[in-house]
Amino acid sequence: MSSNPLLEPTTELSKALHQDVVEDQSASSIVNRLKSKNKELQTQSINTYQQFWASDSSNSNEESRTSMYKTLTNTYYNLATDFYEYGWGESFHFARRSVGESLRESIRRHEHLLFSRAQIKAGMKVLDVGCGVGGPARECIRFTGAHVTGLNNNDYQIQRANIYAAKYKQQDYSTFVKGDFMDMPFADNSFDAVYAIEATCHAPVLKGVYSQMYRVLKPGGYFAIYEWCLTDKFDEQNEQHRKLALDIEHGDGIAKLFSTDVALQAAKDAGFEIEVVSDIAHETTAGNEIPWYSYLDVGMIDFTGLQGFARSHIGRKFTSNAVKVLEKVGIAPEGTCKVQDVLTTAADSLVAGAKIEIFTPMYLIVGRKPLN
């Protein structure tokens with residue numbers, strides 16, 4: 001594997017790979033999407049991603065993953081986005097739930113909390129850093145009346161975000177821009193508020209992306225993030241802890257997970273005046289009784305809907321077997337089963353890391369850019 005060249009996820013590759021974009025989210029959507037891919041490029045992309053983790057690859061080390069973070073993360077989302085939408089929806093993040101609250105309701109509530117923390121109001125120009133397919137950006141528009149610019153380095157996700165914007169009649173209130181969040185294509189002091197929801201964990205250095213968020217934010221504006229972090233219970237000397245951290249990185253396209261201490265210091269070093277710091281993933285309060293990972297740990301079967309079924313053990317097994325059949329008969333590209341295996345690794349390691357409290361996907365940091 002070490003001799004195989006890496007396939008760079010360029011704009012041209014994205015167009016060739018995702019030949020026919022399937023717009024719906026019906027039960028047949030995942031099949032239609034896999035069927036529409038350029039099979040040769042999909043297989044090469046899978047091989048490229050696995051080279052960052054395979055024991056016999058020269059790129060299977062933290063230094064390579066960090067230095068080639070754009071290749072790593074972009075390739076991951078070229079492969080995983082369709083499965084994310086199939087199994088999770090339009091907002092790729094977690095949320096604690098209250099009793100009787102659906103996953104979608106809890107996700108919206110956690111988004112609203114962040115928008116409120118960022119002091120977002122109608123008419124503001126807001127930046128969503130690492131916007132995915134635009135789910136949180138669309139909710140921000142609905143909730144606040146702001147104009148939201150979504151920044152994303154993945155062409156396919158930007159394409160899907162624009163499809164959704166048209167579907168929900170939000171073209172006049174949103175813009176989706178291709179760009180690297182370590183070198184943002186915006187002028188200084190461009191936005192009234194900036195936020196990121198479980199996205200900047202893909203940065204090779206947190207201070208780098210936070211400093212860019214600081215640069216493009218207007219003086220007096222707010223910065224609010226949910227960050228994926230290792231907690232202070234993580235022990236680098238503990239073999240189980242190290243394996244779970246590596247499995248989370250592998251399963252989620254992350255070059256390196258950083259600690260909560262590193263994240264907080266990075267925000268301070270970027271220049272923000274910190275106002276709120278809280279690990280809400282591990283705060284069991286009224287209205288947040290159910291852990292964030294409950295929808296990844298649903299048990300054998302779930303009949304609450306297509307996405308609930310897809311996340312259950314039987315649903316995952318069904319999806320895995322279905323993908324194997326699709327791959328065998330030539331509908332899905334060779335290696336698609338490996339993508340499903342990576343996502344299963346992600347789910348299992350996230351739950352395991354959460355249960356022993358060494359990992360959080362919702363380390364909340366709210367800061368303000370000084371007026372002077």
# chains A, B, ... in the order shown; residues from 1 in each chain; ligands from 1

call {"tool": "closest_atom_pairs", "arguments": {"of": "segment 180-299 of chain A", "to": "segment 333-342 of chain A", "cutoff": "10 Å", "atoms": "only C-alpha atoms", "output": "CSV"}}
result
residue,atom,partner,partner_atom,distance
A:Asp247,CA,A:Val342,CA,8.9
A:Ile248,CA,A:Val342,CA,9.6
A:His250,CA,A:Val342,CA,7.2
A:Gly251,CA,A:Val342,CA,5.0
A:Asp252,CA,A:Val342,CA,8.1
A:Gly253,CA,A:Val342,CA,9.6

call {"tool": "closest_residue", "arguments": {"among": "A:Glu101, A:Asp56, A:Asp232, A:Asp180", "to": "Lys70 of chain A", "atoms": "only C-alpha atoms"}}
result
A:Asp180

call {"tool": "closest_residue", "arguments": {"among": "A:Asn59, A:Thr10, A:Thr73, A:Asn47", "to": "Pro204 of chain A", "atoms": "only C-alpha atoms"}}
result
A:Thr73

call {"tool": "residues_around", "arguments": {"residues": "Gln119 of chain A", "least_positions_apart": "6", "cutoff": "10 Å", "atoms": "only C-alpha atoms", "output": "list in words"}}
result
Leu113, Thr144, Asp192, Ala193, Val194, Gly221, Tyr222, Phe223 and Ala224 of chain A

call {"tool": "write_last_selection", "arguments": {"atoms": "N, CA, C and O atoms", "output": "JSON list (two decimals), in the first residue's frame"}}
result
[["chain", "number", "residue", "atom", "x", "y", "z"],
["A", 113, "LEU", "N", -28.80, 27.35, 21.10],
["A", 113, "LEU", "CA", -27.98, 27.75, 22.25],
["A", 113, "LEU", "C", -26.70, 28.43, 21.78],
["A", 113, "LEU", "O", -26.32, 29.49, 22.29],
["A", 144, "THR", "N", -32.56, 33.31, 13.59],
["A", 144, "THR", "CA", -32.07, 34.66, 13.88],
["A", 144, "THR", "C", -32.39, 35.70, 12.82],
["A", 144, "THR", "O", -32.40, 36.90, 13.11],
["A", 192, "ASP", "N", -19.95, 39.86, 11.67],
["A", 192, "ASP", "CA", -20.45, 40.32, 12.98],
["A", 192, "ASP", "C", -20.34, 39.23, 14.04],
["A", 192, "ASP", "O", -20.27, 39.53, 15.24],
["A", 193, "ALA", "N", -20.36, 37.97, 13.61],
["A", 193, "ALA", "CA", -20.23, 36.84, 14.53],
["A", 193, "ALA", "C", -19.67, 35.66, 13.76],
["A", 193, "ALA", "O", -19.88, 35.54, 12.54],
["A", 194, "VAL", "N", -18.95, 34.78, 14.46],
["A", 194, "VAL", "CA", -18.44, 33.56, 13.84],
["A", 194, "VAL", "C", -18.72, 32.39, 14.78],
["A", 194, "VAL", "O", -18.68, 32.53, 16.00],
["A", 221, "GLY", "N", -17.28, 41.59, 18.19],
["A", 221, "GLY", "CA", -18.08, 40.45, 17.78],
["A", 221, "GLY", "C", -17.77, 39.20, 18.58],
["A", 221, "GLY", "O", -16.71, 39.09, 19.22],
["A", 222, "TYR", "N", -18.69, 38.24, 18.53],
["A", 222, "TYR", "CA", -18.56, 37.01, 19.33],
["A", 222, "TYR", "C", -18.15, 35.81, 18.48],
["A", 222, "TYR", "O", -18.52, 35.68, 17.31],
["A", 223, "PHE", "N", -17.40, 34.95, 19.14],
["A", 223, "PHE", "CA", -16.90, 33.68, 18.61],
["A", 223, "PHE", "C", -17.49, 32.59, 19.52],
["A", 223, "PHE", "O", -17.40, 32.68, 20.74],
["A", 224, "ALA", "N", -18.14, 31.58, 18.93],
["A", 224, "ALA", "CA", -18.73, 30.50, 19.73],
["A", 224, "ALA", "C", -18.51, 29.18, 19.01],
["A", 224, "ALA", "O", -18.79, 29.06, 17.81]]

call {"tool": "closest_atom_pairs", "arguments": {"of": "segment 194-262 of chain A", "to": "segment 267-278 of chain A", "cutoff": "10 Å", "atoms": "only C-alpha atoms", "output": "CSV"}}
result
residue,atom,partner,partner_atom,distance
A:Leu206,CA,A:Ala267,CA,8.0
A:Lys207,CA,A:Ala270,CA,6.0
A:Gly208,CA,A:Ala270,CA,7.9
A:Val209,CA,A:Ala270,CA,8.9
A:Tyr210,CA,A:Ala270,CA,6.0
A:Ser211,CA,A:Ala270,CA,4.6
A:Gln212,CA,A:Ala270,CA,8.3
A:Met213,CA,A:Ala270,CA,8.7
A:Tyr214,CA,A:Ala270,CA,6.7
A:Arg215,CA,A:Ala270,CA,8.9
A:Gly220,CA,A:Glu273,CA,9.9
A:Gly221,CA,A:Phe272,CA,9.9
A:Tyr222,CA,A:Phe272,CA,8.8
A:Phe223,CA,A:Phe272,CA,8.0
A:Ala224,CA,A:Val276,CA,9.0
A:Ile225,CA,A:Val277,CA,10.0
A:Tyr226,CA,A:Ser278,CA,9.6
A:Thr260,CA,A:Val277,CA,9.9
A:Val262,CA,A:Ala267,CA,8.7

call {"tool": "write_last_selection", "arguments": {"atoms": "N, CA and C atoms", "output": "short mmCIF file (atom, residue, chain, number, x, y, z; two decimals), in the first residue's frame"}}
result
data_model
loop_
_atom_site.label_atom_id
_atom_site.label_comp_id
_atom_site.auth_asym_id
_atom_site.auth_seq_id
_atom_site.Cartn_x
_atom_site.Cartn_y
_atom_site.Cartn_z
N LEU A 206 -5.08 24.12 16.45
CA LEU A 206 -6.29 24.86 16.80
C LEU A 206 -6.06 26.37 16.81
N LYS A 207 -4.90 26.80 17.27
CA LYS A 207 -4.64 28.24 17.29
C LYS A 207 -4.71 28.83 15.89
N GLY A 208 -4.32 28.05 14.89
CA GLY A 208 -4.35 28.54 13.51
C GLY A 208 -5.76 28.87 13.05
N VAL A 209 -6.69 27.95 13.26
CA VAL A 209 -8.06 28.20 12.80
C VAL A 209 -8.75 29.23 13.68
N TYR A 210 -8.50 29.22 14.99
CA TYR A 210 -9.11 30.22 15.87
C TYR A 210 -8.58 31.62 15.55
N SER A 211 -7.31 31.70 15.18
CA SER A 211 -6.74 33.00 14.82
C SER A 211 -7.36 33.55 13.54
N GLN A 212 -7.68 32.66 12.60
CA GLN A 212 -8.37 33.08 11.39
C GLN A 212 -9.79 33.56 11.71
N MET A 213 -10.45 32.88 12.62
CA MET A 213 -11.79 33.30 13.03
C MET A 213 -11.72 34.68 13.70
N TYR A 214 -10.69 34.89 14.49
CA TYR A 214 -10.47 36.19 15.14
C TYR A 214 -10.22 37.28 14.10
N ARG A 215 -9.41 36.97 13.10
CA ARG A 215 -9.05 37.96 12.08
C ARG A 215 -10.26 38.47 11.31
N GLY A 220 -15.49 43.54 18.82
CA GLY A 220 -16.72 43.49 19.61
C GLY A 220 -17.60 42.31 19.27
N GLY A 221 -17.28 41.59 18.19
CA GLY A 221 -18.08 40.45 17.78
C GLY A 221 -17.77 39.20 18.58
N TYR A 222 -18.69 38.24 18.53
CA TYR A 222 -18.56 37.01 19.33
C TYR A 222 -18.15 35.81 18.48
N PHE A 223 -17.40 34.95 19.14
CA PHE A 223 -16.90 33.68 18.61
C PHE A 223 -17.49 32.59 19.52
N ALA A 224 -18.14 31.58 18.93
CA ALA A 224 -18.73 30.50 19.73
C ALA A 224 -18.51 29.18 19.01
N ILE A 225 -18.02 28.17 19.74
CA ILE A 225 -17.72 26.87 19.12
C ILE A 225 -18.13 25.72 20.04
N TYR A 226 -18.48 24.61 19.39
CA TYR A 226 -18.50 23.30 20.04
C TYR A 226 -17.29 22.56 19.48
N THR A 260 -8.92 19.55 25.99
CA THR A 260 -9.71 20.75 26.31
C THR A 260 -8.79 21.89 26.73
N VAL A 262 -5.75 22.49 25.67
CA VAL A 262 -5.13 23.03 24.46
C VAL A 262 -6.13 23.91 23.71
#

call {"tool": "atom_distance", "arguments": {"atom1": "atom CA of Lys35 of chain A", "atom2": "atom CA of Thr319 of chain A"}}
result
15.0 Å

call {"tool": "select_by_dssp", "arguments": {"residues": "segment 54-300 of chain A", "states": "alpha helix (DSSP H)", "output": "ChimeraX atom specification"}}
result
/A:62-67,69-87,103-117,135-144,155-167,206-216,239-252,260-270

call {"tool": "write_last_selection", "arguments": {"atoms": "C-alpha atoms", "output": "mmCIF file, in the first residue's frame"}}
result
data_model
loop_
_atom_site.group_PDB
_atom_site.id
_atom_site.type_symbol
_atom_site.label_atom_id
_atom_site.label_comp_id
_atom_site.auth_asym_id
_atom_site.auth_seq_id
_atom_site.Cartn_x
_atom_site.Cartn_y
_atom_site.Cartn_z
ATOM 1 C CA GLU A 62 0.458 11.627 12.988
ATOM 2 C CA GLU A 63 3.000 13.820 11.208
ATOM 3 C CA SER A 64 1.725 12.831 7.750
ATOM 4 C CA ARG A 65 -1.913 13.167 8.747
ATOM 5 C CA THR A 66 -1.288 16.613 10.208
ATOM 6 C CA SER A 67 0.785 17.929 7.305
ATOM 7 C CA TYR A 69 -4.859 17.429 6.767
ATOM 8 C CA LYS A 70 -6.641 18.842 3.708
ATOM 9 C CA THR A 71 -6.155 15.627 1.744
ATOM 10 C CA LEU A 72 -7.138 13.522 4.757
ATOM 11 C CA THR A 73 -10.311 15.411 5.678
ATOM 12 C CA ASN A 74 -11.461 16.213 2.154
ATOM 13 C CA THR A 75 -11.101 12.591 1.085
ATOM 14 C CA TYR A 76 -12.969 11.464 4.188
ATOM 15 C CA TYR A 77 -15.969 13.685 3.436
ATOM 16 C CA ASN A 78 -15.988 12.714 -0.237
ATOM 17 C CA LEU A 79 -16.550 9.181 1.031
ATOM 18 C CA ALA A 80 -18.662 9.728 4.164
ATOM 19 C CA THR A 81 -21.080 12.563 3.340
ATOM 20 C CA ASP A 82 -23.735 10.371 1.715
ATOM 21 C CA PHE A 83 -23.695 7.989 4.680
ATOM 22 C CA TYR A 84 -23.885 10.929 7.117
ATOM 23 C CA GLU A 85 -26.996 12.306 5.448
ATOM 24 C CA TYR A 86 -28.557 8.834 5.259
ATOM 25 C CA GLY A 87 -27.948 8.035 8.920
ATOM 26 C CA LEU A 103 -32.826 13.819 17.839
ATOM 27 C CA ARG A 104 -33.707 16.567 15.369
ATOM 28 C CA GLU A 105 -35.338 18.673 18.093
ATOM 29 C CA SER A 106 -32.289 18.323 20.333
ATOM 30 C CA ILE A 107 -29.919 19.219 17.502
ATOM 31 C CA ARG A 108 -31.925 22.370 16.772
ATOM 32 C CA ARG A 109 -31.936 23.318 20.460
ATOM 33 C CA HIS A 110 -28.163 22.967 20.745
ATOM 34 C CA GLU A 111 -27.737 25.052 17.603
ATOM 35 C CA HIS A 112 -30.042 27.731 19.049
ATOM 36 C CA LEU A 113 -27.984 27.747 22.248
ATOM 37 C CA LEU A 114 -24.804 28.430 20.289
ATOM 38 C CA PHE A 115 -26.425 31.110 18.145
ATOM 39 C CA SER A 116 -27.655 32.827 21.296
ATOM 40 C CA ARG A 117 -24.207 32.619 22.875
ATOM 41 C CA GLY A 135 -27.787 22.289 8.187
ATOM 42 C CA PRO A 136 -26.774 24.620 11.075
ATOM 43 C CA ALA A 137 -26.457 27.596 8.710
ATOM 44 C CA ARG A 138 -30.036 27.105 7.526
ATOM 45 C CA GLU A 139 -31.233 26.824 11.113
ATOM 46 C CA CYS A 140 -29.330 29.995 12.029
ATOM 47 C CA ILE A 141 -31.144 31.848 9.254
ATOM 48 C CA ARG A 142 -34.525 30.568 10.466
ATOM 49 C CA PHE A 143 -33.812 31.283 14.124
ATOM 50 C CA THR A 144 -32.070 34.661 13.883
ATOM 51 C CA ASP A 155 -16.669 20.771 -3.051
ATOM 52 C CA TYR A 156 -19.303 18.043 -2.781
ATOM 53 C CA GLN A 157 -20.650 19.354 0.518
ATOM 54 C CA ILE A 158 -20.808 22.898 -0.882
ATOM 55 C CA GLN A 159 -22.748 21.545 -3.854
ATOM 56 C CA ARG A 160 -25.209 19.831 -1.525
ATOM 57 C CA ALA A 161 -25.483 22.940 0.688
ATOM 58 C CA ASN A 162 -26.490 24.990 -2.348
ATOM 59 C CA ILE A 163 -29.086 22.379 -3.325
ATOM 60 C CA TYR A 164 -30.640 22.632 0.139
ATOM 61 C CA ALA A 165 -30.504 26.438 0.088
ATOM 62 C CA ALA A 166 -32.559 26.414 -3.110
ATOM 63 C CA LYS A 167 -34.940 23.794 -1.721
ATOM 64 C CA LEU A 206 -6.288 24.863 16.798
ATOM 65 C CA LYS A 207 -4.640 28.240 17.292
ATOM 66 C CA GLY A 208 -4.352 28.536 13.513
ATOM 67 C CA VAL A 209 -8.059 28.204 12.800
ATOM 68 C CA TYR A 210 -9.108 30.216 15.875
ATOM 69 C CA SER A 211 -6.736 33.004 14.816
ATOM 70 C CA GLN A 212 -8.369 33.083 11.389
ATOM 71 C CA MET A 213 -11.787 33.301 13.027
ATOM 72 C CA TYR A 214 -10.465 36.188 15.144
ATOM 73 C CA ARG A 215 -9.046 37.963 12.084
ATOM 74 C CA VAL A 216 -12.279 37.958 10.068
ATOM 75 C CA GLU A 239 -3.274 1.826 26.026
ATOM 76 C CA GLN A 240 -7.087 1.651 25.892
ATOM 77 C CA HIS A 241 -7.319 5.448 25.928
ATOM 78 C CA ARG A 242 -4.774 5.788 23.115
ATOM 79 C CA LYS A 243 -6.547 3.187 20.965
ATOM 80 C CA LEU A 244 -9.945 4.828 21.421
ATOM 81 C CA ALA A 245 -8.513 8.241 20.513
ATOM 82 C CA LEU A 246 -6.883 6.798 17.369
ATOM 83 C CA ASP A 247 -10.106 4.995 16.423
ATOM 84 C CA ILE A 248 -12.076 8.245 16.765
ATOM 85 C CA GLU A 249 -9.511 10.006 14.578
ATOM 86 C CA HIS A 250 -9.607 7.197 11.998
ATOM 87 C CA GLY A 251 -13.406 6.948 12.009
ATOM 88 C CA ASP A 252 -13.946 10.695 11.662
ATOM 89 C CA THR A 260 -9.705 20.754 26.312
ATOM 90 C CA ASP A 261 -6.764 22.626 27.866
ATOM 91 C CA VAL A 262 -5.129 23.031 24.460
ATOM 92 C CA ALA A 263 -8.407 24.238 22.905
ATOM 93 C CA LEU A 264 -9.023 26.838 25.603
ATOM 94 C CA GLN A 265 -5.443 28.110 25.491
ATOM 95 C CA ALA A 266 -5.595 28.306 21.696
ATOM 96 C CA ALA A 267 -8.696 30.525 21.900
ATOM 97 C CA LYS A 268 -6.945 32.780 24.407
ATOM 98 C CA ASP A 269 -3.753 32.902 22.329
ATOM 99 C CA ALA A 270 -5.802 33.833 19.259
#

call {"tool": "residues_around", "arguments": {"residues": "Asp279 of chain A", "least_positions_apart": "4", "cutoff": "12 Å", "atoms": "only C-alpha atoms", "output": "VMD selection string"}}
result
chain A and resid 95 to 96 225 to 232 259 to 261 263 to 264 283 to 284 292 357 to 366

call {"tool": "write_last_selection", "arguments": {"atoms": "N, CA, C and O atoms", "output": "mmCIF file, in the first residue's frame"}}
result
data_model
loop_
_atom_site.group_PDB
_atom_site.id
_atom_site.type_symbol
_atom_site.label_atom_id
_atom_site.label_comp_id
_atom_site.auth_asym_id
_atom_site.auth_seq_id
_atom_site.Cartn_x
_atom_site.Cartn_y
_atom_site.Cartn_z
ATOM 1 N N ALA A 95 -25.915 16.169 20.230
ATOM 2 C CA ALA A 95 -26.637 17.007 21.180
ATOM 3 C C ALA A 95 -27.158 16.132 22.318
ATOM 4 O O ALA A 95 -27.580 15.002 22.085
ATOM 5 N N ARG A 96 -27.106 16.662 23.519
ATOM 6 C CA ARG A 96 -27.799 16.007 24.626
ATOM 7 C C ARG A 96 -29.302 16.193 24.416
ATOM 8 O O ARG A 96 -29.736 17.155 23.777
ATOM 9 N N ILE A 225 -18.017 28.170 19.740
ATOM 10 C CA ILE A 225 -17.724 26.873 19.124
ATOM 11 C C ILE A 225 -18.132 25.721 20.036
ATOM 12 O O ILE A 225 -18.148 25.837 21.265
ATOM 13 N N TYR A 226 -18.479 24.610 19.395
ATOM 14 C CA TYR A 226 -18.498 23.301 20.039
ATOM 15 C C TYR A 226 -17.290 22.558 19.480
ATOM 16 O O TYR A 226 -17.209 22.342 18.265
ATOM 17 N N GLU A 227 -16.363 22.172 20.353
ATOM 18 C CA GLU A 227 -15.117 21.540 19.905
ATOM 19 C C GLU A 227 -15.054 20.081 20.350
ATOM 20 O O GLU A 227 -15.478 19.743 21.464
ATOM 21 N N TRP A 228 -14.532 19.228 19.475
ATOM 22 C CA TRP A 228 -14.222 17.843 19.840
ATOM 23 C C TRP A 228 -12.876 17.846 20.563
ATOM 24 O O TRP A 228 -11.881 18.342 20.021
ATOM 25 N N CYS A 229 -12.845 17.263 21.756
ATOM 26 C CA CYS A 229 -11.610 17.267 22.550
ATOM 27 C C CYS A 229 -11.466 15.997 23.364
ATOM 28 O O CYS A 229 -12.449 15.319 23.693
ATOM 29 N N LEU A 230 -10.234 15.729 23.743
ATOM 30 C CA LEU A 230 -9.942 14.762 24.798
ATOM 31 C C LEU A 230 -10.051 15.499 26.129
ATOM 32 O O LEU A 230 -9.602 16.642 26.245
ATOM 33 N N THR A 231 -10.653 14.873 27.121
ATOM 34 C CA THR A 231 -10.846 15.530 28.410
ATOM 35 C C THR A 231 -9.637 15.318 29.315
ATOM 36 O O THR A 231 -8.693 14.604 28.965
ATOM 37 N N ASP A 232 -9.701 15.902 30.505
ATOM 38 C CA ASP A 232 -8.586 15.740 31.442
ATOM 39 C C ASP A 232 -8.529 14.333 32.039
ATOM 40 O O ASP A 232 -7.585 13.998 32.763
ATOM 41 N N SER A 259 -6.558 18.281 23.541
ATOM 42 C CA SER A 259 -7.213 18.301 24.846
ATOM 43 C C SER A 259 -8.035 19.575 25.017
ATOM 44 O O SER A 259 -7.860 20.562 24.297
ATOM 45 N N THR A 260 -8.922 19.553 25.992
ATOM 46 C CA THR A 260 -9.705 20.754 26.312
ATOM 47 C C THR A 260 -8.786 21.891 26.733
ATOM 48 O O THR A 260 -9.048 23.057 26.394
ATOM 49 N N ASP A 261 -7.711 21.580 27.451
ATOM 50 C CA ASP A 261 -6.764 22.626 27.866
ATOM 51 C C ASP A 261 -6.119 23.294 26.656
ATOM 52 O O ASP A 261 -5.955 24.521 26.617
ATOM 53 N N ALA A 263 -7.382 23.464 23.618
ATOM 54 C CA ALA A 263 -8.407 24.238 22.905
ATOM 55 C C ALA A 263 -8.635 25.588 23.573
ATOM 56 O O ALA A 263 -8.677 26.632 22.901
ATOM 57 N N LEU A 264 -8.777 25.586 24.889
ATOM 58 C CA LEU A 264 -9.023 26.838 25.603
ATOM 59 C C LEU A 264 -7.839 27.790 25.471
ATOM 60 O O LEU A 264 -8.009 28.989 25.217
ATOM 61 N N GLU A 283 -22.514 17.437 31.217
ATOM 62 C CA GLU A 283 -23.327 18.140 32.203
ATOM 63 C C GLU A 283 -24.759 17.628 32.134
ATOM 64 O O GLU A 283 -25.491 17.925 31.190
ATOM 65 N N THR A 284 -25.151 16.833 33.125
ATOM 66 C CA THR A 284 -26.515 16.315 33.180
ATOM 67 C C THR A 284 -27.360 17.298 33.973
ATOM 68 O O THR A 284 -27.322 17.347 35.196
ATOM 69 N N TRP A 292 -25.421 12.553 24.946
ATOM 70 C CA TRP A 292 -25.325 12.899 23.525
ATOM 71 C C TRP A 292 -25.146 11.685 22.634
ATOM 72 O O TRP A 292 -25.517 11.699 21.455
ATOM 73 N N GLU A 357 -15.630 8.862 29.732
ATOM 74 C CA GLU A 357 -15.466 10.311 29.864
ATOM 75 C C GLU A 357 -14.076 10.827 29.494
ATOM 76 O O GLU A 357 -13.579 11.784 30.084
ATOM 77 N N ILE A 358 -13.468 10.201 28.473
ATOM 78 C CA ILE A 358 -12.171 10.713 28.005
ATOM 79 C C ILE A 358 -12.327 11.586 26.766
ATOM 80 O O ILE A 358 -11.362 12.186 26.296
ATOM 81 N N PHE A 359 -13.552 11.680 26.256
ATOM 82 C CA PHE A 359 -13.809 12.421 25.016
ATOM 83 C C PHE A 359 -15.075 13.248 25.140
ATOM 84 O O PHE A 359 -16.049 12.824 25.755
ATOM 85 N N THR A 360 -15.055 14.436 24.548
ATOM 86 C CA THR A 360 -16.242 15.276 24.454
ATOM 87 C C THR A 360 -16.354 15.872 23.053
ATOM 88 O O THR A 360 -15.363 16.345 22.503
ATOM 89 N N PRO A 361 -17.550 15.867 22.456
ATOM 90 C CA PRO A 361 -17.747 16.547 21.178
ATOM 91 C C PRO A 361 -18.343 17.941 21.352
ATOM 92 O O PRO A 361 -18.617 18.618 20.364
ATOM 93 N N MET A 362 -18.561 18.343 22.601
ATOM 94 C CA MET A 362 -19.271 19.601 22.856
ATOM 95 C C MET A 362 -18.590 20.430 23.933
ATOM 96 O O MET A 362 -19.190 20.817 24.931
ATOM 97 N N TYR A 363 -17.305 20.698 23.707
ATOM 98 C CA TYR A 363 -16.589 21.597 24.598
ATOM 99 C C TYR A 363 -16.904 23.011 24.119
ATOM 100 O O TYR A 363 -16.432 23.462 23.068
ATOM 101 N N LEU A 364 -17.725 23.696 24.870
ATOM 102 C CA LEU A 364 -18.223 25.010 24.486
ATOM 103 C C LEU A 364 -17.244 26.103 24.901
ATOM 104 O O LEU A 364 -16.873 26.196 26.069
ATOM 105 N N ILE A 365 -16.832 26.900 23.936
ATOM 106 C CA ILE A 365 -16.005 28.082 24.208
ATOM 107 C C ILE A 365 -16.679 29.282 23.550
ATOM 108 O O ILE A 365 -16.994 29.241 22.354
ATOM 109 N N VAL A 366 -16.918 30.306 24.341
ATOM 110 C CA VAL A 366 -17.482 31.551 23.820
ATOM 111 C C VAL A 366 -16.522 32.681 24.168
ATOM 112 O O VAL A 366 -16.115 32.827 25.326
#

call {"tool": "residues_around", "arguments": {"residues": "Pro185 of chain A", "least_positions_apart": "5", "cutoff": "12 Å", "atoms": "only C-alpha atoms", "output": "VMD selection string"}}
result
chain A and resid 127 129 149 to 153 176 to 180 190 212 to 213 215 to 216

call {"tool": "atom_distance", "arguments": {"atom1": "atom CA of Gln50 of chain A", "atom2": "atom CA of Leu296 of chain A"}}
result
23.4 Å

call {"tool": "closest_residue", "arguments": {"among": "A:Lys256, A:Lys125, A:Arg368, A:Lys233", "to": "Val205 of chain A", "atoms": "only C-alpha atoms"}}
result
A:Lys256

call {"tool": "atom_distance", "arguments": {"atom1": "atom CA of Ile120 of chain A", "atom2": "atom CA of His147 of chain A"}}
result
10.0 Å

call {"tool": "residues_around", "arguments": {"residues": "Lys15 of chain A", "least_positions_apart": "2", "cutoff": "10 Å", "atoms": "only C-alpha atoms", "output": "VMD selection string"}}
result
chain A and resid 10 to 13 17 to 21 37 to 38 155 to 156 159

call {"tool": "closest_residue", "arguments": {"among": "A:Lys328, A:Ala255, A:Thr285, A:Ser91", "to": "Trp53 of chain A", "atoms": "only C-alpha atoms"}}
result
A:Ala255

call {"tool": "closest_residue", "arguments": {"among": "A:Ser174, A:Ser102, A:Gln237, A:Gln42", "to": "Gly145 of chain A", "atoms": "only C-alpha atoms"}}
result
A:Ser174

call {"tool": "decode", "arguments": {"residues": "segment 147-158 of chain A", "atoms": "N, CA and C atoms", "output": "PDB file, in the first residue's frame"}}
result
ATOM      1  N   HIS A 147     -27.722  36.753   7.854  1.00  0.00           N
ATOM      2  CA  HIS A 147     -27.178  36.201   6.613  1.00  0.00           C
ATOM      3  C   HIS A 147     -25.959  35.361   6.999  1.00  0.00           C
ATOM      4  N   VAL A 148     -25.916  34.113   6.537  1.00  0.00           N
ATOM      5  CA  VAL A 148     -24.848  33.197   6.934  1.00  0.00           C
ATOM      6  C   VAL A 148     -23.999  32.804   5.737  1.00  0.00           C
ATOM      7  N   THR A 149     -22.692  32.965   5.888  1.00  0.00           N
ATOM      8  CA  THR A 149     -21.718  32.456   4.927  1.00  0.00           C
ATOM      9  C   THR A 149     -21.138  31.165   5.485  1.00  0.00           C
ATOM     10  N   GLY A 150     -21.247  30.099   4.724  1.00  0.00           N
ATOM     11  CA  GLY A 150     -20.683  28.819   5.141  1.00  0.00           C
ATOM     12  C   GLY A 150     -19.353  28.592   4.450  1.00  0.00           C
ATOM     13  N   LEU A 151     -18.322  28.290   5.231  1.00  0.00           N
ATOM     14  CA  LEU A 151     -16.989  28.014   4.690  1.00  0.00           C
ATOM     15  C   LEU A 151     -16.719  26.521   4.771  1.00  0.00           C
ATOM     16  N   ASN A 152     -16.287  25.943   3.663  1.00  0.00           N
ATOM     17  CA  ASN A 152     -16.061  24.502   3.613  1.00  0.00           C
ATOM     18  C   ASN A 152     -15.022  24.222   2.539  1.00  0.00           C
ATOM     19  N   ASN A 153     -14.130  23.288   2.799  1.00  0.00           N
ATOM     20  CA  ASN A 153     -13.091  22.955   1.827  1.00  0.00           C
ATOM     21  C   ASN A 153     -13.470  21.767   0.951  1.00  0.00           C
ATOM     22  N   ASN A 154     -14.705  21.256   1.126  1.00  0.00           N
ATOM     23  CA  ASN A 154     -15.137  20.090   0.366  1.00  0.00           C
ATOM     24  C   ASN A 154     -16.163  20.506  -0.689  1.00  0.00           C
ATOM     25  N   ASP A 155     -15.809  20.332  -1.947  1.00  0.00           N
ATOM     26  CA  ASP A 155     -16.669  20.771  -3.051  1.00  0.00           C
ATOM     27  C   ASP A 155     -18.026  20.082  -3.044  1.00  0.00           C
ATOM     28  N   TYR A 156     -18.042  18.797  -2.748  1.00  0.00           N
ATOM     29  CA  TYR A 156     -19.303  18.043  -2.781  1.00  0.00           C
ATOM     30  C   TYR A 156     -20.273  18.565  -1.724  1.00  0.00           C
ATOM     31  N   GLN A 157     -19.767  18.840  -0.529  1.00  0.00           N
ATOM     32  CA  GLN A 157     -20.650  19.354   0.518  1.00  0.00           C
ATOM     33  C   GLN A 157     -21.170  20.752   0.170  1.00  0.00           C
ATOM     34  N   ILE A 158     -20.337  21.578  -0.443  1.00  0.00           N
ATOM     35  CA  ILE A 158     -20.808  22.898  -0.882  1.00  0.00           C
ATOM     36  C   ILE A 158     -21.912  22.741  -1.929  1.00  0.00           C
TER      37      ILE A 158
END
